[in-house]
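Q: One file: start.txt (compact mmCIF, C-alpha atoms and all ligand atoms).
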```
# COMPACT_ATOMS: atom_id res chain seq x y z
CA MET A 520 -65.15 -66.79 -101.53
CA GLU A 521 -61.46 -66.33 -101.87
CA ILE A 522 -59.68 -68.80 -99.58
CA LYS A 523 -56.72 -67.37 -97.70
CA ALA A 524 -54.21 -68.86 -95.25
CA PRO A 525 -55.75 -68.85 -91.74
CA ARG A 526 -55.04 -65.85 -89.52
CA GLY A 527 -51.68 -66.15 -87.81
CA THR A 528 -50.22 -68.47 -90.46
CA ARG A 529 -48.28 -67.65 -93.58
CA ASP A 530 -46.64 -69.13 -96.63
CA ILE A 531 -42.88 -69.09 -96.83
CA LEU A 532 -41.86 -68.70 -100.44
CA GLY A 533 -39.61 -67.00 -102.94
CA GLU A 534 -36.34 -65.51 -101.73
CA GLU A 535 -37.30 -65.94 -98.08
CA VAL A 536 -36.90 -69.72 -98.45
CA ALA A 537 -33.12 -69.24 -98.81
CA LEU A 538 -33.05 -67.58 -95.36
CA TRP A 539 -34.91 -70.48 -93.76
CA GLN A 540 -32.65 -73.00 -95.43
CA HIS A 541 -29.58 -71.11 -94.27
CA LEU A 542 -30.90 -70.95 -90.69
CA GLU A 543 -31.76 -74.65 -90.72
CA GLU A 544 -28.33 -75.53 -92.07
CA VAL A 545 -26.56 -73.51 -89.34
CA VAL A 546 -28.72 -75.15 -86.64
CA ARG A 547 -28.13 -78.69 -87.94
CA ARG A 548 -24.39 -78.23 -88.41
CA ASN A 549 -23.86 -76.79 -84.93
CA ALA A 550 -26.10 -79.39 -83.32
CA HIS A 551 -24.01 -82.07 -84.98
CA LEU A 552 -20.74 -80.46 -83.86
CA PHE A 553 -21.95 -80.32 -80.25
CA GLY A 554 -23.10 -83.96 -80.38
CA TYR A 555 -26.86 -83.39 -80.50
CA GLU A 556 -28.93 -85.84 -82.57
CA GLU A 557 -32.18 -84.98 -84.26
CA ILE A 558 -35.50 -86.16 -82.84
CA ARG A 559 -38.78 -85.81 -84.74
CA THR A 560 -41.87 -86.05 -82.59
CA PRO A 561 -45.48 -85.92 -83.85
CA VAL A 562 -47.08 -82.57 -84.59
CA PHE A 563 -50.02 -83.56 -82.38
CA GLU A 564 -50.09 -85.26 -79.00
CA HIS A 565 -52.61 -86.23 -76.33
CA THR A 566 -53.82 -83.02 -74.69
CA GLU A 567 -52.91 -84.43 -71.29
CA LEU A 568 -49.19 -84.26 -72.17
CA PHE A 569 -49.28 -80.48 -72.31
CA ALA A 570 -51.78 -80.09 -69.47
CA ARG A 571 -49.35 -82.01 -67.23
CA GLY A 572 -46.07 -81.03 -68.82
CA VAL A 573 -46.63 -77.34 -69.40
CA GLY A 574 -48.97 -76.72 -66.49
CA GLU A 575 -52.74 -76.32 -66.14
CA GLU A 576 -52.42 -72.69 -65.04
CA THR A 577 -50.21 -71.49 -67.87
CA ASP A 578 -51.50 -69.21 -70.61
CA ILE A 579 -50.51 -71.85 -73.12
CA VAL A 580 -52.78 -74.49 -71.61
CA GLN A 581 -55.58 -72.19 -70.56
CA LYS A 582 -55.90 -70.05 -73.65
CA GLU A 583 -53.58 -70.92 -76.48
CA MET A 584 -53.86 -74.57 -77.39
CA TYR A 585 -55.32 -75.90 -80.60
CA THR A 586 -57.28 -78.72 -79.02
CA PHE A 587 -59.89 -80.91 -80.70
CA THR A 588 -61.58 -84.24 -80.27
CA ASP A 589 -60.64 -86.69 -82.99
CA LYS A 590 -63.02 -89.17 -84.58
CA GLY A 591 -62.08 -91.74 -81.94
CA GLY A 592 -63.15 -89.38 -79.15
CA ARG A 593 -59.61 -88.59 -77.96
CA SER A 594 -58.59 -85.10 -76.95
CA ILE A 595 -55.73 -84.10 -79.22
CA THR A 596 -53.59 -80.94 -79.21
CA LEU A 597 -51.32 -79.50 -81.87
CA ARG A 598 -47.99 -79.13 -80.08
CA PRO A 599 -47.50 -75.63 -78.64
CA GLU A 600 -43.88 -76.35 -77.67
CA GLY A 601 -41.26 -79.03 -78.09
CA THR A 602 -39.93 -79.97 -74.66
CA ALA A 603 -42.86 -81.98 -73.27
CA PRO A 604 -43.03 -84.17 -76.44
CA VAL A 605 -39.27 -84.80 -76.27
CA VAL A 606 -39.46 -85.88 -72.64
CA ARG A 607 -42.53 -87.99 -73.44
CA ALA A 608 -40.49 -89.75 -76.16
CA TYR A 609 -37.56 -90.24 -73.77
CA LEU A 610 -39.82 -91.91 -71.21
CA GLU A 611 -41.88 -93.88 -73.74
CA HIS A 612 -38.76 -95.45 -75.29
CA GLY A 613 -37.23 -96.28 -71.91
CA PHE A 614 -34.08 -94.21 -72.33
CA PHE A 615 -33.87 -93.69 -68.58
CA VAL A 616 -33.01 -97.40 -68.26
CA ARG A 617 -30.89 -98.14 -71.30
CA ASP A 618 -29.24 -94.83 -72.16
CA PRO A 619 -30.16 -92.14 -69.63
CA ARG A 620 -28.02 -89.32 -71.03
CA VAL A 621 -29.18 -88.02 -74.36
CA ARG A 622 -28.62 -84.85 -76.35
CA TRP A 623 -31.37 -84.16 -78.85
CA TYR A 624 -32.43 -81.31 -81.11
CA TYR A 625 -35.56 -80.61 -83.11
CA LEU A 626 -36.85 -78.21 -85.73
CA GLY A 627 -40.45 -77.69 -86.67
CA PRO A 628 -43.80 -75.94 -86.46
CA MET A 629 -45.53 -75.13 -83.15
CA PHE A 630 -49.08 -73.91 -82.69
CA ARG A 631 -50.47 -71.36 -80.25
CA TYR A 632 -53.74 -69.49 -80.46
CA GLU A 633 -52.28 -66.05 -79.74
CA ARG A 634 -53.15 -62.59 -80.99
CA PRO A 635 -51.09 -62.36 -84.18
CA GLN A 636 -48.71 -59.43 -84.62
CA ALA A 637 -45.25 -58.86 -86.03
CA GLY A 638 -43.12 -61.76 -84.78
CA ARG A 639 -46.05 -63.53 -83.17
CA MET A 640 -47.85 -66.18 -85.18
CA ARG A 641 -50.35 -68.95 -84.54
CA GLN A 642 -48.23 -71.38 -86.49
CA PHE A 643 -44.58 -70.57 -85.88
CA HIS A 644 -41.36 -72.52 -85.99
CA GLN A 645 -38.82 -73.34 -83.35
CA PHE A 646 -35.53 -75.11 -83.18
CA GLY A 647 -34.60 -76.46 -79.82
CA PHE A 648 -32.05 -78.49 -77.90
CA GLU A 649 -32.68 -80.78 -74.97
CA ALA A 650 -30.06 -82.53 -72.83
CA LEU A 651 -31.61 -85.16 -70.57
CA GLY A 652 -29.92 -86.99 -67.72
CA PHE A 653 -27.39 -84.25 -66.94
CA GLN A 654 -27.48 -82.62 -63.52
CA ASP A 655 -24.30 -80.59 -63.82
CA PRO A 656 -24.43 -76.82 -64.38
CA ALA A 657 -21.82 -77.38 -67.12
CA CYS A 658 -24.67 -78.72 -69.21
CA ASP A 659 -26.67 -75.50 -68.69
CA ALA A 660 -23.55 -73.66 -69.89
CA GLU A 661 -23.22 -75.98 -72.89
CA ILE A 662 -26.82 -75.33 -73.97
CA ILE A 663 -26.34 -71.57 -73.62
CA LEU A 664 -23.04 -71.76 -75.52
CA LEU A 665 -24.74 -73.69 -78.32
CA ALA A 666 -27.52 -71.12 -78.62
CA TRP A 667 -25.03 -68.26 -78.44
CA THR A 668 -22.80 -69.86 -81.09
CA ILE A 669 -25.72 -70.23 -83.48
CA TYR A 670 -26.87 -66.63 -83.01
CA ARG A 671 -23.34 -65.33 -83.50
CA GLU A 672 -22.74 -67.46 -86.57
CA LEU A 673 -25.95 -66.06 -88.04
CA GLY A 674 -24.43 -62.63 -87.56
CA LEU A 675 -27.04 -61.44 -85.05
CA SER A 676 -25.86 -58.52 -82.96
CA ASP A 677 -27.22 -56.54 -79.98
CA LEU A 678 -28.07 -59.77 -78.21
CA SER A 679 -28.69 -59.73 -74.51
CA LEU A 680 -28.72 -62.83 -72.37
CA GLU A 681 -30.79 -62.64 -69.20
CA LEU A 682 -30.37 -65.28 -66.53
CA ASN A 683 -32.11 -66.20 -63.34
CA SER A 684 -32.64 -69.14 -61.04
CA ILE A 685 -36.12 -70.05 -59.91
CA GLY A 686 -34.89 -72.42 -57.26
CA CYS A 687 -35.99 -75.96 -56.55
CA PRO A 688 -38.91 -77.55 -54.67
CA LEU A 689 -36.94 -76.89 -51.49
CA CYS A 690 -36.51 -73.13 -51.76
CA LYS A 691 -39.03 -72.01 -54.41
CA PRO A 692 -42.09 -72.29 -52.07
CA HIS A 693 -40.51 -69.85 -49.58
CA TYR A 694 -40.11 -67.28 -52.33
CA VAL A 695 -43.60 -67.90 -53.70
CA ARG A 696 -45.04 -67.29 -50.22
CA ARG A 697 -43.12 -64.03 -49.85
CA LEU A 698 -44.05 -62.97 -53.37
CA ARG A 699 -47.73 -63.63 -52.73
CA GLU A 700 -47.61 -61.52 -49.56
CA TYR A 701 -45.93 -58.69 -51.37
CA LEU A 702 -48.30 -58.77 -54.32
CA GLU A 703 -51.30 -58.95 -51.97
CA SER A 704 -50.08 -55.72 -50.39
CA ARG A 705 -49.88 -54.10 -53.84
CA LYS A 706 -53.04 -55.70 -55.21
CA ASP A 707 -54.69 -52.40 -56.13
CA ALA A 708 -51.93 -51.66 -58.62
CA LEU A 709 -52.25 -55.01 -60.41
CA CYS A 710 -54.32 -55.79 -63.49
CA GLU A 711 -57.36 -58.10 -63.23
CA ASN A 712 -55.43 -60.96 -64.79
CA CYS A 713 -52.65 -60.68 -62.22
CA LYS A 714 -55.14 -60.50 -59.35
CA ARG A 715 -56.47 -63.85 -60.50
CA ARG A 716 -53.00 -65.34 -61.07
CA LEU A 717 -51.93 -64.17 -57.65
CA VAL A 718 -54.20 -66.78 -56.11
CA GLU A 719 -53.38 -69.63 -58.51
CA ASN A 720 -49.68 -69.10 -59.18
CA PRO A 721 -47.99 -65.85 -58.10
CA LEU A 722 -44.81 -66.62 -60.08
CA ARG A 723 -46.83 -66.34 -63.26
CA VAL A 724 -47.67 -62.73 -62.37
CA LEU A 725 -44.07 -61.82 -63.28
CA ASP A 726 -44.83 -62.69 -66.92
CA CYS A 727 -47.32 -59.80 -67.16
CA LYS A 728 -46.38 -57.11 -69.66
CA ASN A 729 -48.89 -54.57 -68.32
CA GLU A 730 -47.06 -51.30 -67.55
CA THR A 731 -48.66 -50.71 -64.13
CA CYS A 732 -47.84 -54.29 -63.07
CA GLN A 733 -44.29 -53.86 -64.39
CA ALA A 734 -43.93 -50.73 -62.23
CA VAL A 735 -44.74 -52.86 -59.16
CA PHE A 736 -42.08 -55.42 -60.15
CA ARG A 737 -39.53 -52.62 -60.41
CA GLU A 738 -40.12 -51.37 -56.87
CA ALA A 739 -36.97 -51.40 -54.76
CA SER A 740 -38.60 -53.50 -52.04
CA PHE A 741 -39.86 -56.10 -54.51
CA PRO A 742 -38.68 -59.51 -53.24
CA SER A 743 -35.97 -61.12 -55.33
CA ILE A 744 -35.78 -64.89 -55.70
CA GLN A 745 -32.02 -64.53 -55.59
CA ASP A 746 -32.36 -63.90 -51.83
CA PHE A 747 -34.27 -67.13 -51.31
CA LEU A 748 -32.11 -69.71 -53.10
CA CYS A 749 -31.00 -72.72 -51.04
CA THR A 750 -27.32 -73.66 -50.80
CA GLU A 751 -27.49 -76.19 -53.65
CA CYS A 752 -29.32 -73.82 -55.99
CA ARG A 753 -26.90 -71.04 -55.19
CA ARG A 754 -23.92 -73.31 -55.84
CA HIS A 755 -25.47 -74.37 -59.17
CA GLU A 756 -26.00 -70.77 -60.18
CA GLU A 757 -22.53 -69.60 -59.16
CA ARG A 758 -20.91 -72.42 -61.08
CA LEU A 759 -22.94 -71.54 -64.18
CA PHE A 760 -21.96 -67.88 -63.90
CA SER A 761 -18.28 -68.73 -63.64
CA LEU A 762 -18.51 -71.08 -66.65
CA LEU A 763 -20.21 -68.43 -68.77
CA LYS A 764 -17.55 -65.90 -67.78
CA ARG A 765 -14.88 -68.38 -68.81
CA LEU A 766 -16.66 -68.82 -72.16
CA GLY A 767 -16.80 -65.07 -72.66
CA ILE A 768 -20.61 -65.00 -72.90
CA PRO A 769 -21.95 -61.76 -71.41
CA PHE A 770 -25.12 -61.98 -69.30
CA VAL A 771 -27.19 -60.03 -66.85
CA VAL A 772 -29.08 -61.47 -63.91
CA ASN A 773 -32.74 -60.59 -64.09
CA PRO A 774 -34.39 -61.71 -60.82
CA ARG A 775 -37.84 -61.10 -62.38
CA LEU A 776 -37.28 -63.60 -65.16
CA VAL A 777 -39.44 -66.65 -64.57
CA ARG A 778 -40.56 -67.84 -68.03
CA GLY A 779 -44.08 -68.94 -68.81
CA LEU A 780 -43.75 -72.68 -68.38
CA ASP A 781 -44.29 -74.54 -65.12
CA TYR A 782 -41.70 -77.26 -65.17
CA TYR A 783 -38.57 -75.12 -64.82
CA THR A 784 -36.24 -75.51 -61.87
CA ARG A 785 -33.09 -73.51 -61.15
CA THR A 786 -31.67 -72.00 -64.36
CA VAL A 787 -33.95 -69.96 -66.61
CA PHE A 788 -32.70 -67.73 -69.37
CA GLU A 789 -33.88 -65.67 -72.29
CA VAL A 790 -32.09 -64.13 -75.26
CA LYS A 791 -33.44 -60.80 -76.45
CA VAL A 792 -32.79 -58.46 -79.34
CA HIS A 793 -34.03 -54.99 -78.48
CA THR A 794 -34.42 -53.87 -82.08
CA LEU A 795 -37.31 -56.33 -82.48
CA GLY A 796 -39.77 -54.18 -80.50
CA ALA A 797 -42.43 -55.78 -78.33
CA GLN A 798 -41.68 -59.35 -79.42
CA ASP A 799 -38.01 -59.11 -78.55
CA ALA A 800 -37.31 -62.64 -77.27
CA ILE A 801 -35.57 -64.78 -79.84
CA GLY A 802 -35.12 -67.76 -77.59
CA GLY A 803 -35.25 -69.04 -74.09
CA GLY A 804 -34.82 -72.07 -71.99
CA GLY A 805 -33.71 -73.51 -68.74
CA ARG A 806 -33.53 -76.48 -66.48
CA TYR A 807 -36.60 -78.66 -66.00
CA ASP A 808 -35.67 -81.30 -63.46
CA GLY A 809 -39.33 -81.67 -62.48
CA LEU A 810 -40.78 -82.45 -65.90
CA ALA A 811 -40.18 -86.19 -66.30
CA ARG A 812 -41.74 -86.74 -62.89
CA ALA A 813 -44.73 -84.57 -63.77
CA LEU A 814 -45.29 -86.82 -66.80
CA GLY A 815 -45.37 -89.93 -64.62
CA GLY A 816 -41.75 -90.97 -65.15
CA PRO A 817 -38.78 -91.20 -62.81
CA GLU A 818 -36.68 -88.25 -61.69
CA VAL A 819 -34.68 -87.18 -64.78
CA PRO A 820 -32.78 -83.91 -64.85
CA GLY A 821 -33.00 -81.94 -68.06
CA VAL A 822 -31.98 -78.65 -69.56
CA GLY A 823 -33.03 -77.15 -72.87
CA PHE A 824 -33.50 -74.20 -75.11
CA ALA A 825 -35.95 -73.20 -77.85
CA ALA A 826 -35.64 -70.39 -80.37
CA GLY A 827 -38.28 -68.69 -82.49
CA MET A 828 -37.30 -69.02 -86.13
CA GLU A 829 -39.66 -66.37 -87.56
CA ARG A 830 -38.02 -63.70 -85.42
CA ILE A 831 -34.54 -64.79 -86.43
CA VAL A 832 -35.51 -64.79 -90.12
CA LEU A 833 -36.86 -61.27 -89.65
CA LEU A 834 -33.47 -60.19 -88.29
CA LEU A 835 -31.61 -61.93 -91.11
CA GLU A 836 -33.83 -60.19 -93.63
CA ARG A 837 -33.14 -56.80 -92.05
CA SER A 838 -29.41 -57.41 -91.96
CA GLY A 839 -29.48 -57.89 -95.74
CA PHE A 840 -28.31 -61.47 -95.29
CA PRO A 841 -26.03 -62.24 -98.25
CA ARG A 842 -28.08 -64.41 -100.54
CA LYS A 843 -25.76 -66.82 -102.24
CA GLY A 844 -26.21 -66.65 -106.01
CA THR A 845 -27.58 -70.00 -107.03
CA PHE A 846 -26.10 -71.11 -110.32
CA ARG A 847 -28.71 -72.28 -112.79
CA VAL A 848 -28.95 -72.45 -116.57
CA TYR A 849 -32.02 -71.65 -118.59
CA LEU A 850 -32.86 -73.96 -121.49
CA ALA A 851 -34.59 -72.15 -124.38
CA PRO A 852 -36.03 -74.33 -127.17
CA GLN A 853 -36.60 -72.69 -130.58
CA ASP A 854 -38.75 -75.46 -131.99
CA GLU A 855 -40.08 -78.94 -131.17
CA GLU A 856 -36.84 -80.67 -132.13
CA GLY A 857 -34.93 -78.21 -129.96
CA GLU A 858 -37.20 -79.11 -127.09
CA LYS A 859 -36.25 -82.78 -127.51
CA ASP A 860 -32.53 -81.92 -127.62
CA LEU A 861 -32.80 -79.82 -124.47
CA LEU A 862 -34.80 -82.46 -122.63
CA ALA A 863 -32.01 -84.93 -123.49
CA LEU A 864 -29.42 -82.33 -122.41
CA SER A 865 -31.22 -81.90 -119.08
CA GLN A 866 -30.37 -85.54 -118.25
CA VAL A 867 -26.69 -84.81 -118.83
CA LEU A 868 -26.86 -81.60 -116.78
CA HIS A 869 -28.56 -83.49 -113.99
CA GLU A 870 -25.77 -86.05 -113.97
CA ALA A 871 -23.19 -83.26 -113.90
CA GLY A 872 -25.05 -81.66 -110.97
CA ILE A 873 -25.81 -78.46 -112.89
CA PRO A 874 -29.24 -77.01 -111.97
CA PHE A 875 -31.42 -76.07 -114.95
CA CYS A 876 -34.79 -74.72 -115.87
CA LEU A 877 -36.51 -75.84 -119.09
CA ASP A 878 -39.40 -73.69 -120.24
CA PHE A 879 -41.96 -75.37 -122.48
CA ALA A 880 -44.26 -72.37 -122.69
CA SER A 881 -42.84 -70.84 -125.84
CA LYS A 882 -40.48 -71.26 -128.77
CA ASN A 883 -39.87 -67.54 -128.95
CA LEU A 884 -36.29 -66.51 -128.13
CA ARG A 885 -37.22 -63.02 -126.97
CA TYR A 886 -39.70 -64.50 -124.52
CA HIS A 887 -37.05 -66.88 -123.18
CA LEU A 888 -34.39 -64.19 -122.77
CA LYS A 889 -36.80 -61.94 -120.91
CA ARG A 890 -37.89 -64.77 -118.68
CA ALA A 891 -34.31 -65.84 -117.88
CA GLN A 892 -33.46 -62.25 -117.00
CA LYS A 893 -36.46 -62.02 -114.70
CA MET A 894 -35.41 -65.23 -112.97
CA GLY A 895 -31.92 -63.80 -112.46
CA VAL A 896 -30.35 -66.58 -114.56
CA ARG A 897 -27.15 -65.61 -116.33
CA PHE A 898 -26.65 -68.38 -118.90
CA VAL A 899 -29.19 -69.43 -121.52
CA VAL A 900 -28.72 -72.57 -123.65
CA ILE A 901 -30.49 -72.26 -126.98
CA ALA A 902 -31.45 -75.19 -129.28
CA GLY A 903 -32.97 -74.65 -132.75
CA GLU A 904 -32.32 -75.41 -136.39
CA GLU A 905 -29.00 -73.56 -136.54
CA GLU A 906 -27.67 -75.45 -133.50
CA ARG A 907 -28.88 -78.80 -134.92
CA LYS A 908 -27.04 -78.20 -138.17
CA ASN A 909 -23.85 -77.73 -136.16
CA GLU A 910 -24.63 -80.61 -133.76
CA GLY A 911 -24.34 -78.35 -130.77
CA PHE A 912 -26.00 -75.65 -128.65
CA SER A 913 -25.72 -71.90 -128.40
CA LEU A 914 -24.76 -70.47 -125.04
CA LYS A 915 -25.77 -66.88 -124.34
CA ASP A 916 -24.26 -64.96 -121.43
CA LEU A 917 -26.87 -62.38 -120.40
CA VAL A 918 -24.32 -60.32 -118.50
CA SER A 919 -21.74 -59.84 -121.29
CA GLY A 920 -24.27 -60.31 -124.11
CA GLU A 921 -21.83 -62.73 -125.73
CA GLN A 922 -23.26 -65.77 -127.58
CA MET A 923 -21.32 -68.75 -128.95
CA LEU A 924 -22.00 -72.03 -130.64
CA LEU A 925 -20.54 -74.97 -128.71
CA SER A 926 -20.47 -78.75 -128.93
CA ARG A 927 -22.17 -80.60 -126.10
CA GLU A 928 -18.82 -81.37 -124.45
CA GLU A 929 -17.61 -77.79 -124.79
CA LEU A 930 -20.88 -76.56 -123.33
CA LEU A 931 -20.59 -78.87 -120.32
CA GLY A 932 -16.98 -77.85 -119.74
CA ARG A 933 -17.86 -74.18 -119.84
CA LEU A 934 -20.88 -74.53 -117.53
CA ARG A 935 -18.85 -76.54 -115.02
CA LYS A 936 -16.24 -73.79 -114.96
CA GLU A 937 -18.82 -71.03 -114.59
CA ARG A 938 -20.50 -72.87 -111.75
CA GLU A 939 -17.24 -73.07 -109.86
CA THR A 940 -16.56 -69.35 -110.10
CA CYS A 941 -20.16 -68.41 -109.25
P1 LIG B 1 -41.26 -70.35 -75.46
O1 LIG B 1 -41.50 -71.76 -75.91
O2 LIG B 1 -42.51 -69.61 -75.13
O3 LIG B 1 -40.18 -70.25 -74.45
O4 LIG B 1 -40.70 -69.59 -76.75
C1 LIG B 1 -39.40 -69.75 -77.23
C2 LIG B 1 -39.21 -68.79 -78.38
O5 LIG B 1 -40.14 -69.12 -79.42
C3 LIG B 1 -39.51 -67.34 -78.04
O6 LIG B 1 -38.38 -66.72 -77.51
C4 LIG B 1 -39.90 -66.77 -79.38
O7 LIG B 1 -38.73 -66.43 -80.11
C5 LIG B 1 -40.57 -67.93 -80.06
N1 LIG B 1 -42.05 -67.83 -80.02
C6 LIG B 1 -42.87 -68.16 -79.00
N2 LIG B 1 -44.16 -67.96 -79.33
C7 LIG B 1 -44.16 -67.49 -80.60
C8 LIG B 1 -45.18 -67.10 -81.53
N3 LIG B 1 -46.48 -67.16 -81.22
N4 LIG B 1 -44.80 -66.66 -82.76
C9 LIG B 1 -43.49 -66.60 -83.11
N5 LIG B 1 -42.49 -66.96 -82.28
C10 LIG B 1 -42.81 -67.40 -81.05
```
Show this structure as C-alpha cells.
Ligand code: AMP
A:
Amino acid sequence: MEIKAPRGTRDILGEEVALWQHLEEVVRRNAHLFGYEEIRTPVFEHTELFARGVGEETDIVQKEMYTFTDKGGRSITLRPEGTAPVVRAYLEHGFFVRDPRVRWYYLGPMFRYERPQAGRMRQFHQFGFEALGFQDPACDAEIILLAWTIYRELGLSDLSLELNSIGCPLCKPHYVRRLREYLESRKDALCENCKRRLVENPLRVLDCKNETCQAVFREASFPSIQDFLCTECRRHEERLFSLLKRLGIPFVVNPRLVRGLDYYTRTVFEVKVHTLGAQDAIGGGGRYDGLARALGGPEVPGVGFAAGMERIVLLLERSGFPRKGTFRVYLAPQDEEGEKDLLALSQVLHEAGIPFCLDFASKNLRYHLKRAQKMGVRFVVIAGEEERKNEGFSLKDLVSGEQMLLSREELLGRLRKERETC
C-alpha cells in the first residue's frame, strides 16, 4: 500500500515554502513592532480546556476535535484553536497576579475534523494575537489595526472588515430570548441542524450557511442585536467605531455576525476576501471577557484575533508574490581531488555567508551544468585538473555563458559582489 498524507493534511514544500517564510516574517516583525511577544503552547491539551473554553455546544467541540485517550487514560485533544490554550497559560503561570496585562502572539498548526475543501484543512495553520488584561476599546482597535497592517503589508486587496457586538451577560440574554422567539416563529424554514441549535443555543443558528436559513436571517423584521445592547456595550462599540474611523480602517456593521466560539463578549469581527469563494474568511476575532472565568480563573478581560495562513498563502500565490531570488552557488567537482577542494571551499563560503550546493552524484560537467540550470542557480564553481594546476577555480556564469579561471580570493571577491547585486 502506498502511504499518503492523511486526508485534510498536506506537505508544504518547494517554492511554496518561500511564501510561508515571508508570511511568518511579516507576522513576527509586526508583532514585535506592536509590542507582542511570542508564546508557544503545546499542540495538545486536556480535552476539558476546549470543552469549557470553546463551549460544549459549538461545532468545534461537538464534531471537529481530534480527541483520544492517551496511555495514561487521560482525554487529550489536538488544539483546534489558539485562544483557550493562551488563556490557560496565562492563568497557570499566575500572570493575573504578577503581570496582568500581556500582549502575546502565536503561530502554528491547529486541528479540526472538518470536510476538507479548498481553503479548509484538517491540519491548518493560524497566527494569532491575544491582549489580556485590557478592558478599553482602544485595545480592540489595536488588535484590528495590527491584523489590518499585516494584511496590507502582504499586499492583500479587496478586504472587507465586518464588525458586530454580541453584548455582555447583562444584555445578551435579552437578545437571545427575542431571537429564539423569532426563530421559533420561522421554524419551518430552518434546516434540521438549526432546529436543534435553536433549543441549545439560538445564537449559533446565525453561523448556518444554508441558503434557506440565510434567507430568514435577511428578513427585514429579523431582530438585530444592535437594538439590544446595554449602555456600556453601546459606549464600547461607539468608541471602537470612532477609533477605527480615525485609523482610516473601513468597516461594515454586520448585526448577524456572531462567530462560532462561545466565549466572545462585545466586539466580534471577521476579515473576508470575496475572491476566495466559499471559504472567504481570512481571519477573525473579538473580545472574550468571559473566557478566563469559564476556565476557572478570575475575571480577566481579553481581546484577540486569529488568521488562517493557508488562505493567505493561497492569495499570495495568486497575486504572483515576488519570489526573491535566493543567491546560491553550485559546486561542480570534475574528479575526486576536485571534490576535496570544493568541500574545503564550502567551509570558506560558509564563513563568508554565501549559500552553496555541492553535488557528489557525478564528475560529469554537462550533468552539473544541467542540474544547476534546473535549480535556477546562476554561478557554477568548477574544480578539476586544470583548476588545480592553476591553484584556483573556474567560475561559470550560466546567464552570460562566460567562464573564467580565478584564484580563491578572486573567486570570493566576485561572489560577494554578485550576491550584493542579486
Ligand atoms: P476561527 O478560529 O474559526 O475563528 O478561524 C480563524 C481563521 O482560521 C478563519 O478565518 C480561517 O481563515 C482559518 N481557518 C479556520 N478553520 C480552518 C480550516 N479548517 N482550514 C483552513 N483555515 C481555517
Q: Could you give me, as a compact mmCIF listing (two decimals) with C-alpha atoms, in the frame of the given file, the residues that sit within 9 Å of (-24.1, -60.4, -90.4) in the file's coordinates, counting only C-alpha atoms?
A:
```txt
# COMPACT_ATOMS: atom_id res chain seq x y z
CA ARG A 671 -23.34 -65.33 -83.50
CA GLU A 672 -22.74 -67.46 -86.57
CA LEU A 673 -25.95 -66.06 -88.04
CA GLY A 674 -24.43 -62.63 -87.56
CA LEU A 675 -27.04 -61.44 -85.05
CA SER A 676 -25.86 -58.52 -82.96
CA LEU A 835 -31.61 -61.93 -91.11
CA SER A 838 -29.41 -57.41 -91.96
CA GLY A 839 -29.48 -57.89 -95.74
CA PHE A 840 -28.31 -61.47 -95.29
CA PRO A 841 -26.03 -62.24 -98.25
```
Q: With all atoms listed in the file as the atoms that count, which of A:Leu680, A:Ala825, A:Ala734, A:Leu924 lies nearest to ligand LIG 1 (chain B)?
A: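 Between A:Leu680, A:Ala825, A:Ala734, A:Leu924, the residue approaching ligand LIG 1 (chain B) most closely is A:Ala825.
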Q: Taking all atoms listed in the file into account, which of A:Lys582, A:Arg806, A:Arg631, A:Arg547 comes nearest ligand LIG 1 (chain B)?
A: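 Selected residue with least distance to ligand LIG 1 (chain B): A:Arg631.
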Q: Can you tell me how far CA of Leu934 (chain A) sits from CA of Lys859 (chain A), in Å to one decimal?
A: 20.1 Å
Q: Please determine, counting only C-alpha atoms and all ligand atoms, which residue among A:Glu567, A:Glu661, A:Asp799, A:Glu711 has the shortest atom-to-atom distance to ligand LIG 1 (chain B).
A: A:Asp799
Q: So that I can see what lies close to Thr577 (chain A), please list as a PDB file with C-alpha atoms, keeping the file's coordinate frame the residues with an atom at most 12 Å from it, counting only C-alpha atoms and leaving out residues fewer than 5 positions away in the same chain.
A:
```pdb
ATOM      1  CA  PHE A 569     -49.280 -80.480 -72.310  1.00  0.00           C
ATOM      2  CA  ALA A 570     -51.780 -80.090 -69.470  1.00  0.00           C
ATOM      3  CA  ARG A 571     -49.350 -82.010 -67.230  1.00  0.00           C
ATOM      4  CA  GLY A 572     -46.070 -81.030 -68.820  1.00  0.00           C
ATOM      5  CA  LYS A 582     -55.900 -70.050 -73.650  1.00  0.00           C
ATOM      6  CA  GLU A 583     -53.580 -70.920 -76.480  1.00  0.00           C
ATOM      7  CA  MET A 584     -53.860 -74.570 -77.390  1.00  0.00           C
ATOM      8  CA  PRO A 599     -47.500 -75.630 -78.640  1.00  0.00           C
ATOM      9  CA  ARG A 716     -53.000 -65.340 -61.070  1.00  0.00           C
ATOM     10  CA  GLU A 719     -53.380 -69.630 -58.510  1.00  0.00           C
ATOM     11  CA  ASN A 720     -49.680 -69.100 -59.180  1.00  0.00           C
ATOM     12  CA  PRO A 721     -47.990 -65.850 -58.100  1.00  0.00           C
ATOM     13  CA  LEU A 722     -44.810 -66.620 -60.080  1.00  0.00           C
ATOM     14  CA  ARG A 723     -46.830 -66.340 -63.260  1.00  0.00           C
ATOM     15  CA  VAL A 724     -47.670 -62.730 -62.370  1.00  0.00           C
ATOM     16  CA  ASP A 726     -44.830 -62.690 -66.920  1.00  0.00           C
ATOM     17  CA  ARG A 778     -40.560 -67.840 -68.030  1.00  0.00           C
ATOM     18  CA  GLY A 779     -44.080 -68.940 -68.810  1.00  0.00           C
ATOM     19  CA  LEU A 780     -43.750 -72.680 -68.380  1.00  0.00           C
ATOM     20  CA  ASP A 781     -44.290 -74.540 -65.120  1.00  0.00           C
ATOM     21  CA  TYR A 782     -41.700 -77.260 -65.170  1.00  0.00           C
TER      22      TYR A 782
END
```
Q: Nearest to ligand LIG 1 (chain B): which of A:Ile768, A:Leu552, A:Cys732, A:Ala797 is it, counting all atoms listed in the file?
A: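 Under the stated criterion, the closest residue is A:Ala797.
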Q: Step by step, measure atom-to-atom distances between ligand LIG 1 (chain B) and each residue using only C-alpha atoms and all ligand atoms, keep those at most 7 Å, then write them as a ChimeraX atom specification.
A: /A:600,631,633,638-645,778-779,789,800-804,825-830
Q: Which value, in Å to one decimal, gives the distance between CA of Leu766 (chain A) and CA of Gly823 (chain A)?
A: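 So the two atoms, CA of Leu766 (chain A) and CA of Gly823 (chain A), lie 18.4 Å apart.
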